[in-house]
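Heads up, run_17.txt below (compact mmCIF, N, CA, C and O atoms and all ligand atoms):
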# COMPACT_ATOMS: atom_id res chain seq x y z
N MET A 1465 265.35 211.91 180.64
CA MET A 1465 264.81 211.12 181.75
C MET A 1465 263.53 210.40 181.32
O MET A 1465 262.71 210.98 180.61
N SER A 1466 263.40 209.19 181.74
CA SER A 1466 262.18 208.42 181.46
C SER A 1466 261.64 207.90 182.79
O SER A 1466 262.41 207.61 183.71
N THR A 1467 260.35 207.76 182.85
CA THR A 1467 259.75 207.16 184.03
C THR A 1467 259.40 205.71 183.70
O THR A 1467 258.74 205.44 182.70
N ILE A 1468 259.90 204.81 184.51
CA ILE A 1468 259.61 203.38 184.34
C ILE A 1468 258.84 202.94 185.58
O ILE A 1468 259.22 203.24 186.71
N ILE A 1469 257.78 202.20 185.36
CA ILE A 1469 256.93 201.77 186.47
C ILE A 1469 257.11 200.28 186.69
O ILE A 1469 256.85 199.47 185.78
N PHE A 1470 257.58 199.93 187.87
CA PHE A 1470 257.77 198.52 188.24
C PHE A 1470 256.56 198.08 189.06
O PHE A 1470 256.25 198.70 190.08
N THR A 1471 255.91 197.02 188.61
CA THR A 1471 254.74 196.51 189.32
C THR A 1471 255.08 195.19 189.99
O THR A 1471 255.58 194.27 189.36
N GLN A 1472 254.83 195.13 191.29
CA GLN A 1472 255.11 193.91 192.07
C GLN A 1472 253.98 192.90 191.89
O GLN A 1472 252.85 193.27 191.54
N PRO A 1473 254.25 191.62 192.14
CA PRO A 1473 253.20 190.60 192.06
C PRO A 1473 252.00 190.95 192.95
O PRO A 1473 250.86 190.60 192.65
N SER A 1474 252.24 191.69 194.03
CA SER A 1474 251.15 192.09 194.93
C SER A 1474 250.30 193.21 194.35
O SER A 1474 249.22 193.52 194.86
N GLY A 1475 250.81 193.86 193.30
CA GLY A 1475 250.08 194.96 192.68
C GLY A 1475 250.61 196.33 193.04
O GLY A 1475 250.23 197.33 192.45
N THR A 1476 251.51 196.40 194.02
CA THR A 1476 252.08 197.70 194.37
C THR A 1476 253.05 198.13 193.27
O THR A 1476 253.63 197.29 192.56
N THR A 1477 253.23 199.44 193.12
CA THR A 1477 254.08 199.94 192.04
C THR A 1477 255.12 200.92 192.56
O THR A 1477 254.93 201.58 193.58
N ASP A 1478 256.24 200.97 191.84
CA ASP A 1478 257.28 201.98 192.06
C ASP A 1478 257.49 202.68 190.73
O ASP A 1478 257.82 202.03 189.73
N ALA A 1479 257.30 203.98 190.69
CA ALA A 1479 257.58 204.76 189.49
C ALA A 1479 258.95 205.41 189.67
O ALA A 1479 259.15 206.21 190.57
N ILE A 1480 259.90 204.99 188.82
CA ILE A 1480 261.29 205.42 188.97
C ILE A 1480 261.68 206.30 187.78
O ILE A 1480 261.43 205.95 186.63
N THR A 1481 262.31 207.41 188.08
CA THR A 1481 262.83 208.27 187.01
C THR A 1481 264.23 207.78 186.67
O THR A 1481 265.09 207.66 187.54
N VAL A 1482 264.44 207.45 185.39
CA VAL A 1482 265.69 206.83 184.96
C VAL A 1482 266.37 207.72 183.92
O VAL A 1482 265.74 208.14 182.94
N GLU A 1483 267.65 207.99 184.17
CA GLU A 1483 268.43 208.79 183.24
C GLU A 1483 268.63 208.01 181.94
O GLU A 1483 268.82 206.78 181.99
N GLU A 1484 268.63 208.68 180.84
CA GLU A 1484 268.84 208.02 179.55
C GLU A 1484 270.15 207.24 179.56
O GLU A 1484 271.18 207.75 180.01
N GLY A 1485 270.11 205.99 179.11
CA GLY A 1485 271.30 205.16 179.05
C GLY A 1485 271.50 204.29 180.27
O GLY A 1485 272.27 203.33 180.24
N THR A 1486 270.84 204.62 181.37
CA THR A 1486 270.92 203.78 182.58
C THR A 1486 269.99 202.59 182.41
O THR A 1486 268.87 202.73 181.94
N SER A 1487 270.48 201.40 182.80
CA SER A 1487 269.65 200.21 182.61
C SER A 1487 268.52 200.16 183.63
O SER A 1487 268.62 200.73 184.73
N LEU A 1488 267.48 199.45 183.27
CA LEU A 1488 266.36 199.28 184.19
C LEU A 1488 266.81 198.60 185.47
O LEU A 1488 266.34 198.92 186.56
N MET A 1489 267.72 197.63 185.35
CA MET A 1489 268.22 196.94 186.54
C MET A 1489 268.92 197.92 187.48
O MET A 1489 268.64 197.97 188.67
N ARG A 1490 269.83 198.72 186.92
CA ARG A 1490 270.61 199.66 187.75
C ARG A 1490 269.67 200.66 188.43
O ARG A 1490 269.80 200.94 189.62
N ALA A 1491 268.71 201.14 187.70
CA ALA A 1491 267.76 202.11 188.27
C ALA A 1491 266.94 201.47 189.38
O ALA A 1491 266.71 202.07 190.43
N ALA A 1492 266.51 200.22 189.16
CA ALA A 1492 265.69 199.54 190.16
C ALA A 1492 266.49 199.28 191.43
O ALA A 1492 266.02 199.52 192.55
N VAL A 1493 267.71 198.79 191.27
CA VAL A 1493 268.55 198.48 192.44
C VAL A 1493 268.87 199.77 193.20
O VAL A 1493 268.77 199.83 194.43
N THR A 1494 269.24 200.80 192.48
CA THR A 1494 269.58 202.08 193.12
C THR A 1494 268.40 202.64 193.91
O THR A 1494 268.57 203.25 194.96
N ASN A 1495 267.21 202.40 193.40
CA ASN A 1495 266.01 202.94 194.06
C ASN A 1495 265.33 201.94 194.99
O ASN A 1495 264.23 202.21 195.49
N GLY A 1496 265.95 200.80 195.21
CA GLY A 1496 265.43 199.84 196.18
C GLY A 1496 264.15 199.14 195.76
O GLY A 1496 263.33 198.77 196.61
N VAL A 1497 263.98 198.95 194.44
CA VAL A 1497 262.79 198.23 193.98
C VAL A 1497 262.90 196.76 194.39
O VAL A 1497 263.87 196.08 194.04
N GLU A 1498 261.93 196.30 195.12
CA GLU A 1498 261.94 194.92 195.60
C GLU A 1498 261.88 193.95 194.42
O GLU A 1498 261.18 194.20 193.44
N GLY A 1499 262.64 192.86 194.52
CA GLY A 1499 262.55 191.81 193.52
C GLY A 1499 263.47 191.95 192.33
O GLY A 1499 263.49 191.10 191.45
N ILE A 1500 264.23 193.03 192.26
CA ILE A 1500 265.26 193.16 191.22
C ILE A 1500 266.60 193.10 191.94
O ILE A 1500 266.93 193.99 192.72
N VAL A 1501 267.36 192.02 191.68
CA VAL A 1501 268.56 191.77 192.47
C VAL A 1501 269.82 192.29 191.76
O VAL A 1501 270.64 192.99 192.33
N GLY A 1502 270.01 191.91 190.52
CA GLY A 1502 271.19 192.37 189.78
C GLY A 1502 272.49 191.81 190.31
O GLY A 1502 273.49 192.51 190.38
N GLU A 1503 272.47 190.52 190.61
CA GLU A 1503 273.63 189.86 191.24
C GLU A 1503 274.94 190.02 190.46
O GLU A 1503 276.00 190.19 191.06
N CYS A 1504 274.89 189.94 189.15
CA CYS A 1504 276.13 189.98 188.36
C CYS A 1504 276.54 191.40 187.98
O CYS A 1504 277.54 191.59 187.28
N GLY A 1505 275.77 192.37 188.39
CA GLY A 1505 276.13 193.75 188.11
C GLY A 1505 275.79 194.21 186.70
O GLY A 1505 276.28 195.23 186.25
N GLY A 1506 275.02 193.41 185.99
CA GLY A 1506 274.58 193.84 184.66
C GLY A 1506 275.32 193.19 183.52
O GLY A 1506 275.29 193.69 182.40
N GLN A 1507 275.96 192.06 183.78
CA GLN A 1507 276.75 191.38 182.74
C GLN A 1507 275.98 190.27 182.01
O GLN A 1507 276.59 189.46 181.30
N ALA A 1508 274.69 190.20 182.20
CA ALA A 1508 273.87 189.14 181.59
C ALA A 1508 274.37 187.76 182.00
O ALA A 1508 274.48 186.85 181.18
N MET A 1509 274.69 187.62 183.29
CA MET A 1509 275.22 186.35 183.78
C MET A 1509 274.48 185.79 184.99
O MET A 1509 274.94 184.84 185.61
N CYS A 1510 273.34 186.39 185.37
CA CYS A 1510 272.68 185.88 186.58
C CYS A 1510 271.16 185.74 186.44
O CYS A 1510 270.55 184.96 187.15
N ALA A 1511 270.56 186.52 185.60
CA ALA A 1511 269.10 186.51 185.37
C ALA A 1511 268.30 186.95 186.60
O ALA A 1511 267.10 186.71 186.65
N THR A 1512 268.93 187.62 187.55
CA THR A 1512 268.18 188.10 188.73
C THR A 1512 267.60 189.50 188.51
O THR A 1512 267.16 190.14 189.46
N CYS A 1513 267.63 189.93 187.27
CA CYS A 1513 267.01 191.21 186.91
C CYS A 1513 265.85 190.96 185.94
O CYS A 1513 265.42 191.88 185.23
N HIS A 1514 265.37 189.72 185.92
CA HIS A 1514 264.29 189.32 185.02
C HIS A 1514 263.05 190.19 185.24
O HIS A 1514 262.63 190.40 186.37
N VAL A 1515 262.50 190.70 184.14
CA VAL A 1515 261.24 191.46 184.21
C VAL A 1515 260.34 191.01 183.05
O VAL A 1515 260.81 190.46 182.06
N TYR A 1516 259.05 191.27 183.23
CA TYR A 1516 258.09 191.06 182.15
C TYR A 1516 257.66 192.43 181.63
O TYR A 1516 257.09 193.23 182.38
N VAL A 1517 257.97 192.69 180.36
CA VAL A 1517 257.65 193.98 179.76
C VAL A 1517 256.24 193.92 179.18
O VAL A 1517 255.88 192.96 178.49
N ARG A 1518 255.46 194.94 179.44
CA ARG A 1518 254.10 195.00 178.88
C ARG A 1518 254.18 195.07 177.35
O ARG A 1518 255.03 195.79 176.82
N PRO A 1519 253.33 194.33 176.65
CA PRO A 1519 253.43 194.18 175.19
C PRO A 1519 253.45 195.50 174.41
O PRO A 1519 254.10 195.59 173.38
N GLU A 1520 252.76 196.51 174.90
CA GLU A 1520 252.69 197.76 174.14
C GLU A 1520 254.04 198.45 174.00
O GLU A 1520 254.20 199.35 173.18
N PHE A 1521 255.03 198.03 174.78
CA PHE A 1521 256.35 198.64 174.69
C PHE A 1521 257.38 197.73 174.01
O PHE A 1521 258.53 198.12 173.84
N ALA A 1522 256.97 196.55 173.61
CA ALA A 1522 257.91 195.56 173.07
C ALA A 1522 258.67 196.11 171.86
O ALA A 1522 259.88 195.88 171.72
N ALA A 1523 257.99 196.84 171.00
CA ALA A 1523 258.63 197.34 169.77
C ALA A 1523 259.71 198.38 170.05
O ALA A 1523 260.59 198.60 169.21
N ALA A 1524 259.67 199.00 171.21
CA ALA A 1524 260.64 200.05 171.53
C ALA A 1524 261.89 199.49 172.22
O ALA A 1524 262.82 200.23 172.52
N LEU A 1525 261.92 198.17 172.43
CA LEU A 1525 263.04 197.56 173.15
C LEU A 1525 264.16 197.17 172.20
O LEU A 1525 263.91 196.89 171.02
N PRO A 1526 265.40 197.10 172.71
CA PRO A 1526 266.49 196.59 171.87
C PRO A 1526 266.27 195.10 171.60
O PRO A 1526 265.59 194.42 172.37
N GLU A 1527 266.86 194.61 170.51
CA GLU A 1527 266.79 193.18 170.19
C GLU A 1527 267.42 192.37 171.32
O GLU A 1527 268.30 192.85 172.03
N ILE A 1528 267.00 191.13 171.46
CA ILE A 1528 267.61 190.24 172.45
C ILE A 1528 268.91 189.69 171.88
O ILE A 1528 268.90 189.03 170.84
N ALA A 1529 270.03 189.98 172.53
CA ALA A 1529 271.33 189.48 172.09
C ALA A 1529 271.50 188.02 172.55
O ALA A 1529 270.73 187.53 173.38
N ASP A 1530 272.52 187.36 172.01
CA ASP A 1530 272.73 185.94 172.31
C ASP A 1530 272.91 185.67 173.80
O ASP A 1530 272.37 184.70 174.33
N ASP A 1531 273.70 186.51 174.49
CA ASP A 1531 273.94 186.25 175.91
C ASP A 1531 272.66 186.46 176.73
O ASP A 1531 272.39 185.73 177.69
N GLU A 1532 271.84 187.42 176.35
CA GLU A 1532 270.56 187.61 177.05
C GLU A 1532 269.65 186.41 176.78
O GLU A 1532 269.01 185.89 177.70
N GLU A 1533 269.61 185.98 175.55
CA GLU A 1533 268.78 184.83 175.17
C GLU A 1533 269.15 183.61 176.03
O GLU A 1533 268.28 182.91 176.56
N GLU A 1534 270.43 183.41 176.18
CA GLU A 1534 270.93 182.26 176.97
C GLU A 1534 270.49 182.37 178.43
O GLU A 1534 270.02 181.42 179.03
N MET A 1535 270.63 183.58 179.00
CA MET A 1535 270.26 183.75 180.41
C MET A 1535 268.76 183.68 180.64
O MET A 1535 268.30 183.28 181.71
N LEU A 1536 267.99 184.06 179.65
CA LEU A 1536 266.54 183.99 179.81
C LEU A 1536 266.05 182.54 179.94
O LEU A 1536 264.93 182.29 180.37
N GLU A 1537 266.92 181.60 179.57
CA GLU A 1537 266.59 180.18 179.77
C GLU A 1537 266.84 179.77 181.22
O GLU A 1537 266.51 178.65 181.61
N CYS A 1538 267.42 180.66 182.02
CA CYS A 1538 267.81 180.33 183.40
C CYS A 1538 267.02 181.12 184.43
O CYS A 1538 267.43 181.19 185.59
N THR A 1539 265.94 181.74 184.05
CA THR A 1539 265.19 182.54 185.01
C THR A 1539 264.50 181.63 186.03
O THR A 1539 264.11 180.50 185.71
N THR A 1540 264.40 182.12 187.25
CA THR A 1540 263.75 181.34 188.31
C THR A 1540 262.24 181.28 188.06
O THR A 1540 261.64 180.21 188.10
N ALA A 1541 261.64 182.44 187.80
CA ALA A 1541 260.22 182.46 187.45
C ALA A 1541 260.10 182.10 185.97
O ALA A 1541 261.06 182.26 185.20
N GLU A 1542 258.95 181.64 185.58
CA GLU A 1542 258.74 181.18 184.21
C GLU A 1542 259.09 182.25 183.17
O GLU A 1542 258.71 183.41 183.31
N ARG A 1543 259.80 181.83 182.14
CA ARG A 1543 260.05 182.74 181.02
C ARG A 1543 258.79 182.79 180.15
O ARG A 1543 258.16 181.77 179.89
N THR A 1544 258.44 183.99 179.73
CA THR A 1544 257.31 184.15 178.81
C THR A 1544 257.79 184.97 177.62
O THR A 1544 258.95 185.41 177.57
N GLU A 1545 256.89 185.22 176.67
CA GLU A 1545 257.27 186.04 175.51
C GLU A 1545 257.51 187.49 175.91
O GLU A 1545 258.07 188.27 175.15
N ARG A 1546 257.15 187.86 177.15
CA ARG A 1546 257.38 189.23 177.65
C ARG A 1546 258.66 189.33 178.47
O ARG A 1546 258.99 190.40 178.98
N SER A 1547 259.37 188.22 178.64
CA SER A 1547 260.55 188.21 179.52
C SER A 1547 261.73 188.95 178.90
O SER A 1547 262.04 188.75 177.72
N ARG A 1548 262.38 189.77 179.69
CA ARG A 1548 263.64 190.43 179.32
C ARG A 1548 264.50 190.54 180.57
O ARG A 1548 264.03 190.40 181.69
N LEU A 1549 265.80 190.80 180.33
CA LEU A 1549 266.70 191.10 181.44
C LEU A 1549 266.76 192.62 181.59
O LEU A 1549 267.11 193.33 180.63
N GLY A 1550 266.46 193.09 182.77
CA GLY A 1550 266.45 194.54 183.01
C GLY A 1550 267.80 195.19 182.77
O GLY A 1550 267.86 196.36 182.39
N CYS A 1551 268.88 194.43 182.93
CA CYS A 1551 270.21 195.01 182.75
C CYS A 1551 270.54 195.24 181.28
O CYS A 1551 271.51 195.93 180.97
N GLN A 1552 269.75 194.65 180.39
CA GLN A 1552 270.03 194.78 178.96
C GLN A 1552 269.10 195.79 178.29
O GLN A 1552 269.05 195.89 177.08
N ILE A 1553 268.36 196.53 179.12
CA ILE A 1553 267.45 197.54 178.57
C ILE A 1553 267.84 198.92 179.11
O ILE A 1553 267.54 199.26 180.26
N PRO A 1554 268.54 199.71 178.29
CA PRO A 1554 268.84 201.07 178.72
C PRO A 1554 267.62 201.96 178.52
O PRO A 1554 266.85 201.78 177.58
N ALA A 1555 267.44 202.89 179.44
CA ALA A 1555 266.31 203.81 179.32
C ALA A 1555 266.51 204.71 178.10
O ALA A 1555 267.61 205.17 177.83
N THR A 1556 265.43 204.91 177.36
CA THR A 1556 265.42 205.82 176.21
C THR A 1556 264.13 206.64 176.31
O THR A 1556 263.17 206.21 176.99
N PRO A 1557 264.06 207.75 175.62
CA PRO A 1557 262.82 208.55 175.66
C PRO A 1557 261.61 207.73 175.20
O PRO A 1557 260.50 207.95 175.68
N GLU A 1558 261.83 206.79 174.28
CA GLU A 1558 260.71 205.97 173.77
C GLU A 1558 260.11 205.07 174.86
O GLU A 1558 258.99 204.59 174.73
N LEU A 1559 260.89 204.82 175.91
CA LEU A 1559 260.40 203.93 176.97
C LEU A 1559 259.72 204.70 178.11
O LEU A 1559 259.31 204.09 179.10
N ASP A 1560 259.60 206.00 177.96
CA ASP A 1560 258.97 206.80 179.02
C ASP A 1560 257.55 206.28 179.28
O ASP A 1560 256.76 206.15 178.36
N GLY A 1561 257.28 205.97 180.54
CA GLY A 1561 255.96 205.48 180.92
C GLY A 1561 255.81 203.97 180.85
O GLY A 1561 254.73 203.43 181.11
N MET A 1562 256.88 203.28 180.48
CA MET A 1562 256.81 201.82 180.34
C MET A 1562 256.52 201.14 181.69
O MET A 1562 257.06 201.52 182.72
N VAL A 1563 255.68 200.13 181.62
CA VAL A 1563 255.38 199.33 182.81
C VAL A 1563 256.04 197.98 182.66
O VAL A 1563 255.93 197.34 181.61
N VAL A 1564 256.77 197.56 183.69
CA VAL A 1564 257.34 196.21 183.71
C VAL A 1564 256.84 195.51 184.97
O VAL A 1564 256.72 196.12 186.03
N ASP A 1565 256.54 194.24 184.81
CA ASP A 1565 256.09 193.44 185.94
C ASP A 1565 257.27 192.67 186.53
O ASP A 1565 258.03 192.03 185.79
N VAL A 1566 257.42 192.74 187.85
CA VAL A 1566 258.50 192.04 188.54
C VAL A 1566 258.02 190.62 188.82
O VAL A 1566 256.92 190.42 189.33
N PRO A 1567 258.83 189.60 188.47
CA PRO A 1567 258.43 188.21 188.72
C PRO A 1567 258.30 187.92 190.22
O PRO A 1567 258.86 188.64 191.05
N SER A 1568 257.62 186.86 190.53
CA SER A 1568 257.43 186.50 191.94
C SER A 1568 258.73 185.97 192.56
O SER A 1568 258.93 186.10 193.76
N ASP A 1569 259.61 185.39 191.74
CA ASP A 1569 260.88 184.86 192.26
C ASP A 1569 262.02 185.25 191.33
O ASP A 1569 261.85 185.28 190.12
N GLN A 1570 263.20 185.51 191.93
CA GLN A 1570 264.38 185.81 191.12
C GLN A 1570 265.52 184.85 191.40
O GLN A 1570 266.38 184.66 190.56
N VAL A 1571 265.56 184.27 192.57
CA VAL A 1571 266.68 183.38 192.93
C VAL A 1571 266.16 182.11 193.58
O VAL A 1571 265.05 182.08 194.08
S1 LIG B 1 272.01 191.81 186.43
FE1 LIG B 1 272.70 189.82 186.06
S2 LIG B 1 271.70 189.26 184.25
FE2 LIG B 1 271.02 191.26 184.61

How would this structure read if it were set down as structure tokens?
Amino acid sequence: MSTIIFTQPSGTTDAITVEEGTSLMRAAVTNGVEGIVGECGGQAMCATCHVYVRPEFAAALPEIADDEEEMLECTTAERTERSRLGCQIPATPELDGMVVDVPSDQV
């Protein structure tokens, strides 16, 4: 289990316990985290699970695959060097305590 902290643009946070292998998107949607939609169900086809990962955790993330790269060009909120799709990040012990910022807009 890893704890992932979702921070809203307003500054409020949700600390979610995520089972290993479960994606950040699935965990956020299951726990009602505002601003994570997951329209396509995790197929890297909607970009409504866009998150900004804090830099200190960047090295522990999986590489960005081609389909994720393509969808990151379609995010509603600005893409930055911290942008990832939550559905493409499975929880691992290395991500325990990771903070991700939820964008102001997803759709
Ligand atoms: S849930 Fe659709 S791209 Fe992540």

Problem set entry | In chain A, DSSP alpha helix (DSSP H) residues written as number ranges by chain | A: 1488-1494, 1530-1536

Exercise. Can you list, as a ChimeraX atom specification, every protein, DNA or RNA residue that comes within 8 Å of Gln1507 of chain A when you count only N, CA, C and O atoms, leaving out same-chain residues fewer than 5 positions away?
Worked result: /A:1502,1531-1532,1551-1552

Problem set entry | Interatomic distance (Å, one decimal) between atom N of Val1482 of chain A and atom O of Ala1541 of chain A |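 About the pair atom N of Val1482 of chain A and atom O of Ala1541 of chain A: they are 25.4 Å apart.
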
For this session: Kindly extract all protein, DNA and RNA residues lying within 8 Å of the coordinates (254.9, 204.8, 178.1) given in the file, considering all atoms listed in the file, and supply them as a PyMOL selection string.
Result: chain A and resi 1467-1468+1520-1521+1557-1563

Please identify every residue of chain A that has at least one atom no farther than 8 Å from an atom of ligand LIG 1 (chain B), counting only C-alpha atoms and all ligand atoms, and for each give the shortest atom pair and the distance in Å to one decimal, arranged by chain then increasing number, as CSV.
residue,atom,partner,partner_atom,distance
A:Met1489,CA,B:LIG1,S1,6.4
A:Val1501,CA,B:LIG1,S1,7.0
A:Gly1502,CA,B:LIG1,S1,3.5
A:Glu1503,CA,B:LIG1,FE1,5.3
A:Cys1504,CA,B:LIG1,FE1,4.1
A:Gly1505,CA,B:LIG1,S1,4.9
A:Gly1506,CA,B:LIG1,S1,3.7
A:Gln1507,CA,B:LIG1,FE1,5.5
A:Ala1508,CA,B:LIG1,S2,3.4
A:Met1509,CA,B:LIG1,S2,4.6
A:Cys1510,CA,B:LIG1,FE1,4.0
A:Ala1511,CA,B:LIG1,S2,3.9
A:Thr1512,CA,B:LIG1,FE1,5.5
A:Cys1513,CA,B:LIG1,FE2,4.6
A:His1514,CA,B:LIG1,FE2,7.0
A:Glu1532,CA,B:LIG1,S2,7.5
A:Met1535,CA,B:LIG1,S2,6.9
A:Leu1549,CA,B:LIG1,FE2,5.4
A:Gly1550,CA,B:LIG1,FE2,5.8
A:Cys1551,CA,B:LIG1,FE2,4.3
A:Gln1552,CA,B:LIG1,FE2,6.7

For this session: Would you work out the distance separating atom O of Arg1543 of chain A from atom N of Val1517 of chain A, expressed in Å to one decimal?
Result: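 The value is 10.9 Å.
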
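Computed from the coordinates, the atom CA of Arg1518 of chain A to atom C of Val1571 of chain A distance equals 23.0 Å.
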
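The smallest atom-to-atom distance between Asp1565 of chain A and any of A:Pro1526, A:Phe1470, A:Asn1495, A:Thr1539, using only N, CA, C and O atoms, is found for A:Phe1470.
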
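Counting only N, CA, C and O atoms, the residue from A:Thr1494, A:Thr1477, A:Pro1567, A:Thr1471 that sits nearest to Thr1540 of chain A is A:Pro1567.
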
All heavy atoms restored at segment 1476-1484 of chain A, emitted as a JSON list (two decimals), keeping the file's coordinate frame:
[["chain", "number", "residue", "atom", "x", "y", "z"],
["A", 1476, "THR", "N", 251.51, 196.40, 194.02],
["A", 1476, "THR", "CA", 252.08, 197.70, 194.37],
["A", 1476, "THR", "C", 253.05, 198.13, 193.27],
["A", 1476, "THR", "O", 253.63, 197.29, 192.56],
["A", 1476, "THR", "CB", 252.82, 197.67, 195.72],
["A", 1476, "THR", "OG1", 253.91, 196.74, 195.63],
["A", 1476, "THR", "CG2", 251.90, 197.27, 196.85],
["A", 1477, "THR", "N", 253.23, 199.44, 193.12],
["A", 1477, "THR", "CA", 254.08, 199.94, 192.04],
["A", 1477, "THR", "C", 255.12, 200.92, 192.56],
["A", 1477, "THR", "O", 254.93, 201.58, 193.58],
["A", 1477, "THR", "CB", 253.24, 200.66, 190.96],
["A", 1477, "THR", "OG1", 252.56, 201.75, 191.57],
["A", 1477, "THR", "CG2", 252.24, 199.73, 190.31],
["A", 1478, "ASP", "N", 256.24, 200.97, 191.84],
["A", 1478, "ASP", "CA", 257.28, 201.98, 192.06],
["A", 1478, "ASP", "C", 257.49, 202.68, 190.73],
["A", 1478, "ASP", "O", 257.82, 202.03, 189.73],
["A", 1478, "ASP", "CB", 258.62, 201.33, 192.45],
["A", 1478, "ASP", "CG", 258.55, 200.63, 193.81],
["A", 1478, "ASP", "OD1", 258.45, 201.34, 194.81],
["A", 1478, "ASP", "OD2", 258.63, 199.39, 193.83],
["A", 1479, "ALA", "N", 257.30, 203.98, 190.69],
["A", 1479, "ALA", "CA", 257.58, 204.76, 189.49],
["A", 1479, "ALA", "C", 258.95, 205.41, 189.67],
["A", 1479, "ALA", "O", 259.15, 206.21, 190.57],
["A", 1479, "ALA", "CB", 256.51, 205.82, 189.28],
["A", 1480, "ILE", "N", 259.90, 204.99, 188.82],
["A", 1480, "ILE", "CA", 261.29, 205.42, 188.97],
["A", 1480, "ILE", "C", 261.68, 206.30, 187.78],
["A", 1480, "ILE", "O", 261.43, 205.95, 186.63],
["A", 1480, "ILE", "CB", 262.23, 204.18, 188.97],
["A", 1480, "ILE", "CG1", 261.83, 203.18, 190.07],
["A", 1480, "ILE", "CG2", 263.68, 204.61, 189.13],
["A", 1480, "ILE", "CD1", 261.97, 203.70, 191.47],
["A", 1481, "THR", "N", 262.31, 207.41, 188.08],
["A", 1481, "THR", "CA", 262.83, 208.27, 187.01],
["A", 1481, "THR", "C", 264.23, 207.78, 186.67],
["A", 1481, "THR", "O", 265.09, 207.66, 187.54],
["A", 1481, "THR", "CB", 262.90, 209.73, 187.48],
["A", 1481, "THR", "OG1", 261.58, 210.12, 187.88],
["A", 1481, "THR", "CG2", 263.36, 210.65, 186.36],
["A", 1482, "VAL", "N", 264.44, 207.45, 185.39],
["A", 1482, "VAL", "CA", 265.69, 206.83, 184.96],
["A", 1482, "VAL", "C", 266.37, 207.72, 183.92],
["A", 1482, "VAL", "O", 265.74, 208.14, 182.94],
["A", 1482, "VAL", "CB", 265.44, 205.44, 184.35],
["A", 1482, "VAL", "CG1", 266.77, 204.72, 184.09],
["A", 1482, "VAL", "CG2", 264.56, 204.59, 185.27],
["A", 1483, "GLU", "N", 267.65, 207.99, 184.17],
["A", 1483, "GLU", "CA", 268.43, 208.79, 183.24],
["A", 1483, "GLU", "C", 268.63, 208.01, 181.94],
["A", 1483, "GLU", "O", 268.82, 206.78, 181.99],
["A", 1483, "GLU", "CB", 269.79, 209.09, 183.88],
["A", 1483, "GLU", "CG", 270.44, 210.35, 183.38],
["A", 1483, "GLU", "CD", 271.65, 210.70, 184.23],
["A", 1483, "GLU", "OE1", 271.50, 210.81, 185.47],
["A", 1483, "GLU", "OE2", 272.73, 210.83, 183.63],
["A", 1484, "GLU", "N", 268.63, 208.68, 180.84],
["A", 1484, "GLU", "CA", 268.84, 208.02, 179.55],
["A", 1484, "GLU", "C", 270.15, 207.24, 179.56],
["A", 1484, "GLU", "O", 271.18, 207.75, 180.01],
["A", 1484, "GLU", "CB", 268.86, 209.07, 178.44],
["A", 1484, "GLU", "CG", 268.66, 208.47, 177.07],
["A", 1484, "GLU", "CD", 268.46, 209.55, 176.01],
["A", 1484, "GLU", "OE1", 267.92, 210.61, 176.34],
["A", 1484, "GLU", "OE2", 268.86, 209.28, 174.87]]
